[in-house]
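Trainee: Please find one structure pasted underneath; my questions will follow.
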Number of protein chains: 2
Amino acid sequence: MFSKSCEYGLRAAIFIAQQTTQNNKVSLSTISEEINSPQAFTAKILQQLTRNDIVKSIKGPYGGFTIEEDKMETKLSEVVSVLDGDSIYTGCGLGLKQCDANSPCPLHFKFIEIRDNLRDMLESTSLKSIANDMNLESTILKR
Amino acid sequence: MFSKSCEYGLRAAIFIAQQTTQNNKVSLSTISEEINSPQAFTAKILQQLTRNDIVKSIKGPYGGFTIEEDKMETKLSEVVSVLDGDSIYTGCGLGLKQCDANSPCPLHFKFIEIRDNLRDMLESTSLKSIANDMNLESTILKR
DNA sequence: ATTAAAAAGGATAAAAAGATCTTTTAGTCT
DNA sequence: AGACTAAAAGATCTTTTTATCCTTTTTAAT
């Protein structure tokens with residue numbers, strides 16, 4: 001479904017968001033331990049999320065990553081879009097460029113339903129809401 | 001969503017199925033033209049589909065690819081499974097191995113709905129039914 | 001039998017994704 | 001100021017995916 005980058009990126013963003021609700025900032029090493037991802041690779045992904053203004057990085061001792069209050073409203077779709085592009089929830093299932101309701105591929109009408117569900121889910125779910133859910137019931141981000 | 005191999009493979013299988021309903025067998029070169037895919041690469045994919053007994057290949061002059069009658073019932077999920085594995089419609093959206101209802105990732109319950117829709121669609125749609133649909137209304141397999 | 005068409009198989013190449021390492025920059029603390 | 005810490009940036013390496021090429025095998029038609 002998503003690339004490895006995107007899986008790690010979502011896990012990282014969610015972890016940082018959840019820690020942010022507890023007023024903690026978290027270091028790269030903590031993040032990669034807690035989400036069980038390769039540290040150096042995760043650093044690259046966090047750089048992208050930082051450049052795209054989704055997470056905030058703080059350099060120096062006691063630095064780390066956090067998410068600013070207004071950015072807690074970031075939707076999962078934005079994270080996915082930065083890391084994988086939006087074709088997963090906008091593109092044709094068979095990889096055609098010209099596929100739409102007017103000239104559909106043979107799967108178009110079956111696919112569009114799934115795509116749109118995915119899109120709705122990603123576009124309506126914020127980091128904040130997931131973080132809040134996590135504070136209520138225990139979920140996993142490793143293994 | 002799917003790998004390139006899988007996109008080409010689905011398009012090829014659908015094209016062959018549709019031609020099979022018209023009692024035509026089709027050569028590799030025709031297939032790659034009609035679905036707009038790289039020929040040599042498509043050959044490799046068709047080999048996989050042949051080995052997995054989804055399409056039938058006929059060697060020699062006037063040979064080509066066709067689908068045997070009972071194999072027209074093949075579901076899209078089987079094609080996907082051969083080319084990409086089944087993790088796209090069985091795995092965790094965040095890439096976790098141990099994610100299930102008992103120890104869910106934070107997206108589990110939102111994701112499972114989409115995954116299951118995808119799964120149902122792929123498992124309930126046969127090559128035959130798509131081929132028949134194509135004979136009724138025009139759809140595209142190129143571009 | 002010979003020829004020609006077509007798929008199969010093997011080897012290789014190029015590009016992208018995944019992952020690591022090193023150097024630089026920015027910041028904190030004493 | 002100097003020592004230290006942590007992320008950013010850049011360079012590099014590895015693996016996987018995508019893609020091509022070339023040879024071999026099969027087989028139908030003449």
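Ligands are numbered from 1 in the order shown, chains are lettered A, B, ... in the order of the structure tokens, and residues start at 1 in each chain.
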Least-squares superposition of chain A on chain B, all Cα atoms, in-order pairing: what RMSD comes out, in Å?
Mentor: 0.1 Å
Trainee: Got a sec: who's within 9 Å of Thr125 of chain A, counting only C-alpha atoms (C1' of nucleotides), leaving out chain neighbours fewer than 6 positions off, as number ranges by chain?
Mentor: A: 73-77
Trainee: Running DSSP on the backbone, which parts of segment 36-140 of chain B land in strand (DSSP E or B), as number ranges by chain?
Mentor: B: 56-58, 64-66, 75, 126
Trainee: Restricted to C-alpha atoms, what would the selected residues look like written as a short mmCIF file (atom, residue, chain, number, x, y, z; two decimals), in the first residue's frame?
Mentor:
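Saved to part.cif:
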data_model
loop_
_atom_site.label_atom_id
_atom_site.label_comp_id
_atom_site.auth_asym_id
_atom_site.auth_seq_id
_atom_site.Cartn_x
_atom_site.Cartn_y
_atom_site.Cartn_z
CA LYS B 56 -1.99 -20.43 -21.03
CA SER B 57 0.85 -19.92 -23.47
CA ILE B 58 1.05 -21.59 -26.84
CA GLY B 64 0.23 -16.67 -28.22
CA PHE B 65 -1.63 -16.36 -24.96
CA THR B 66 -5.11 -17.35 -24.02
CA LYS B 75 -10.14 -13.60 -9.38
CA SER B 126 -13.23 -12.50 -11.98
#
Trainee: Distance atom CA of Ser37 of chain A-atom CA of Cys99 of chain B, one decimal place?
Mentor: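 One can read the atom CA of Ser37 of chain A to atom CA of Cys99 of chain B distance as 15.8 Å.
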Trainee: Contacts of DC21 of chain C at 10 Å or less, counting only C-alpha atoms (C1' of nucleotides), minus same-chain residues fewer than 2 places along, as a ChimeraX atom specification?
Mentor: /A:40 /C:23 /D:11-13
Trainee: Using only C-alpha atoms (C1' of nucleotides), what table do you get, as CSV, when you list each residue of chain C with an atom no more than 8 Å from chain A, its nearest pair of atoms, and their distance in Å rounded to one decimal, rows by chain then rising number?
Mentor:
residue,atom,partner,partner_atom,distance
C:DG18,C1',A:Phe41,CA,7.8
C:DA19,C1',A:Phe41,CA,5.8
C:DT20,C1',A:Ala40,CA,6.5
C:DA26,C1',A:Lys59,CA,6.2
C:DG27,C1',A:Gly60,CA,4.3
C:DT28,C1',A:Pro61,CA,5.7
Trainee: Print the selection's residues with N, CA and C atoms (P, O5', C5', C4', C3', O3' and C1' of nucleotides) to a file, as a JSON list (two decimals), in the first residue's frame.
Mentor:
[["chain", "number", "residue", "atom", "x", "y", "z"],
["C", 18, "DG", "P", 10.99, 2.07, -0.34],
["C", 18, "DG", "O5'", 12.41, 1.68, 0.26],
["C", 18, "DG", "C5'", 12.88, 0.35, 0.11],
["C", 18, "DG", "C4'", 14.20, 0.20, 0.82],
["C", 18, "DG", "C3'", 14.19, 0.69, 2.28],
["C", 18, "DG", "O3'", 14.70, -0.38, 3.07],
["C", 18, "DG", "C1'", 16.02, 1.62, 1.11],
["C", 19, "DA", "P", 14.79, -0.25, 4.66],
["C", 19, "DA", "O5'", 16.25, 0.35, 4.84],
["C", 19, "DA", "C5'", 17.37, -0.47, 4.48],
["C", 19, "DA", "C4'", 18.65, 0.32, 4.65],
["C", 19, "DA", "C3'", 18.85, 0.99, 6.01],
["C", 19, "DA", "O3'", 19.83, 0.25, 6.72],
["C", 19, "DA", "C1'", 19.66, 2.33, 4.20],
["C", 20, "DT", "P", 20.37, 0.77, 8.12],
["C", 20, "DT", "O5'", 21.70, 1.55, 7.67],
["C", 20, "DT", "C5'", 22.64, 0.88, 6.81],
["C", 20, "DT", "C4'", 23.84, 1.78, 6.57],
["C", 20, "DT", "C3'", 24.44, 2.43, 7.82],
["C", 20, "DT", "O3'", 25.82, 2.09, 7.84],
["C", 20, "DT", "C1'", 24.15, 4.04, 6.12],
["C", 26, "DA", "P", 23.64, 27.45, 10.39],
["C", 26, "DA", "O5'", 23.01, 27.00, 11.77],
["C", 26, "DA", "C5'", 21.87, 26.14, 11.76],
["C", 26, "DA", "C4'", 21.54, 25.76, 13.19],
["C", 26, "DA", "C3'", 21.50, 26.96, 14.14],
["C", 26, "DA", "O3'", 20.28, 26.86, 14.86],
["C", 26, "DA", "C1'", 22.91, 25.28, 14.99],
["C", 27, "DG", "P", 19.72, 28.05, 15.72],
["C", 27, "DG", "O5'", 19.99, 27.54, 17.21],
["C", 27, "DG", "C5'", 19.29, 26.39, 17.67],
["C", 27, "DG", "C4'", 20.07, 25.78, 18.80],
["C", 27, "DG", "C3'", 20.27, 26.69, 20.01],
["C", 27, "DG", "O3'", 19.30, 26.36, 20.99],
["C", 27, "DG", "C1'", 22.17, 25.32, 19.54],
["C", 28, "DT", "P", 19.32, 27.12, 22.43],
["C", 28, "DT", "O5'", 20.22, 26.12, 23.29],
["C", 28, "DT", "C5'", 19.83, 24.75, 23.45],
["C", 28, "DT", "C4'", 20.69, 24.11, 24.52],
["C", 28, "DT", "C3'", 20.73, 24.90, 25.82],
["C", 28, "DT", "O3'", 20.58, 23.97, 26.88],
["C", 28, "DT", "C1'", 22.95, 24.58, 24.99]]
Trainee: Which residues come within 12 Å of DT30 of chain C, counting only C-alpha atoms (C1' of nucleotides), excluding same-chain residues fewer than 5 positions away, as number ranges by chain?
Mentor: D: 1-4
Trainee: Just write the chosen residues, N, CA and C atoms (P, O5', C5', C4', C3', O3' and C1' of nucleotides), as a PDB file, in the first residue's frame.
Mentor:
ATOM      1  P    DA D   1      33.743  34.617  22.066  1.00  0.00           P
ATOM      2  O5'  DA D   1      34.752  33.493  22.508  1.00  0.00           O
ATOM      3  C5'  DA D   1      36.012  33.860  23.095  1.00  0.00           C
ATOM      4  C4'  DA D   1      36.459  32.669  23.878  1.00  0.00           C
ATOM      5  C3'  DA D   1      36.683  31.429  23.033  1.00  0.00           C
ATOM      6  O3'  DA D   1      37.780  30.697  23.570  1.00  0.00           O
ATOM      7  C1'  DA D   1      34.976  30.981  24.609  1.00  0.00           C
ATOM      8  P    DG D   2      38.351  29.511  22.679  1.00  0.00           P
ATOM      9  O5'  DG D   2      37.634  28.256  23.367  1.00  0.00           O
ATOM     10  C5'  DG D   2      37.793  28.060  24.778  1.00  0.00           C
ATOM     11  C4'  DG D   2      37.120  26.763  25.185  1.00  0.00           C
ATOM     12  C3'  DG D   2      37.271  25.635  24.152  1.00  0.00           C
ATOM     13  O3'  DG D   2      37.539  24.434  24.858  1.00  0.00           O
ATOM     14  C1'  DG D   2      34.966  26.047  24.569  1.00  0.00           C
ATOM     15  P    DA D   3      37.670  23.043  24.089  1.00  0.00           P
ATOM     16  O5'  DA D   3      36.400  22.257  24.637  1.00  0.00           O
ATOM     17  C5'  DA D   3      36.145  22.243  26.054  1.00  0.00           C
ATOM     18  C4'  DA D   3      34.865  21.455  26.297  1.00  0.00           C
ATOM     19  C3'  DA D   3      34.782  20.168  25.479  1.00  0.00           C
ATOM     20  O3'  DA D   3      34.226  19.153  26.312  1.00  0.00           O
ATOM     21  C1'  DA D   3      32.934  21.546  24.965  1.00  0.00           C
ATOM     22  P    DC D   4      34.005  17.672  25.748  1.00  0.00           P
ATOM     23  O5'  DC D   4      32.445  17.680  25.424  1.00  0.00           O
ATOM     24  C5'  DC D   4      31.532  18.197  26.407  1.00  0.00           C
ATOM     25  C4'  DC D   4      30.155  18.311  25.787  1.00  0.00           C
ATOM     26  C3'  DC D   4      29.723  17.087  24.974  1.00  0.00           C
ATOM     27  O3'  DC D   4      28.487  16.635  25.480  1.00  0.00           O
ATOM     28  C1'  DC D   4      29.271  19.077  23.797  1.00  0.00           C
TER      29       DC D   4
END
Trainee: Give me the residues of chain A that have any atom at most 7 Å from an atom of chain B; for each, the nearest atom pair and the distance in Å, rounded to one decimal. Use only C-alpha atoms, sort by chain and number, and format it as JSON lines.
Mentor:
{"residue": "A:Met1", "atom": "CA", "partner": "B:Met1", "partner_atom": "CA", "distance": 5.1}
{"residue": "A:Glu7", "atom": "CA", "partner": "B:Leu94", "partner_atom": "CA", "distance": 4.8}
{"residue": "A:Arg11", "atom": "CA", "partner": "B:Leu94", "partner_atom": "CA", "distance": 6.7}
{"residue": "A:Ile88", "atom": "CA", "partner": "B:Met1", "partner_atom": "CA", "distance": 5.5}
{"residue": "A:Gly93", "atom": "CA", "partner": "B:Met1", "partner_atom": "CA", "distance": 6.9}
{"residue": "A:Leu94", "atom": "CA", "partner": "B:Glu7", "partner_atom": "CA", "distance": 4.8}
{"residue": "A:Gly95", "atom": "CA", "partner": "B:Glu7", "partner_atom": "CA", "distance": 6.0}
{"residue": "A:Leu96", "atom": "CA", "partner": "B:Arg143", "partner_atom": "CA", "distance": 5.3}
{"residue": "A:Lys97", "atom": "CA", "partner": "B:Arg143", "partner_atom": "CA", "distance": 5.8}
{"residue": "A:Gln98", "atom": "CA", "partner": "B:Arg143", "partner_atom": "CA", "distance": 6.1}
{"residue": "A:Ser103", "atom": "CA", "partner": "B:Thr139", "partner_atom": "CA", "distance": 6.2}
{"residue": "A:Pro104", "atom": "CA", "partner": "B:Thr139", "partner_atom": "CA", "distance": 5.4}
{"residue": "A:Cys105", "atom": "CA", "partner": "B:Ile140", "partner_atom": "CA", "distance": 4.8}
{"residue": "A:Pro106", "atom": "CA", "partner": "B:Thr139", "partner_atom": "CA", "distance": 5.5}
{"residue": "A:Ile114", "atom": "CA", "partner": "B:Leu118", "partner_atom": "CA", "distance": 6.2}
{"residue": "A:Asn117", "atom": "CA", "partner": "B:Ile114", "partner_atom": "CA", "distance": 6.5}
{"residue": "A:Leu118", "atom": "CA", "partner": "B:Ile114", "partner_atom": "CA", "distance": 6.2}
{"residue": "A:Ile130", "atom": "CA", "partner": "B:Pro106", "partner_atom": "CA", "distance": 6.6}
{"residue": "A:Met134", "atom": "CA", "partner": "B:Pro106", "partner_atom": "CA", "distance": 6.6}
{"residue": "A:Thr139", "atom": "CA", "partner": "B:Cys105", "partner_atom": "CA", "distance": 5.1}
{"residue": "A:Ile140", "atom": "CA", "partner": "B:Cys105", "partner_atom": "CA", "distance": 4.8}
{"residue": "A:Leu141", "atom": "CA", "partner": "B:Cys105", "partner_atom": "CA", "distance": 5.9}
{"residue": "A:Lys142", "atom": "CA", "partner": "B:Leu96", "partner_atom": "CA", "distance": 6.6}
{"residue": "A:Arg143", "atom": "CA", "partner": "B:Leu96", "partner_atom": "CA", "distance": 5.4}
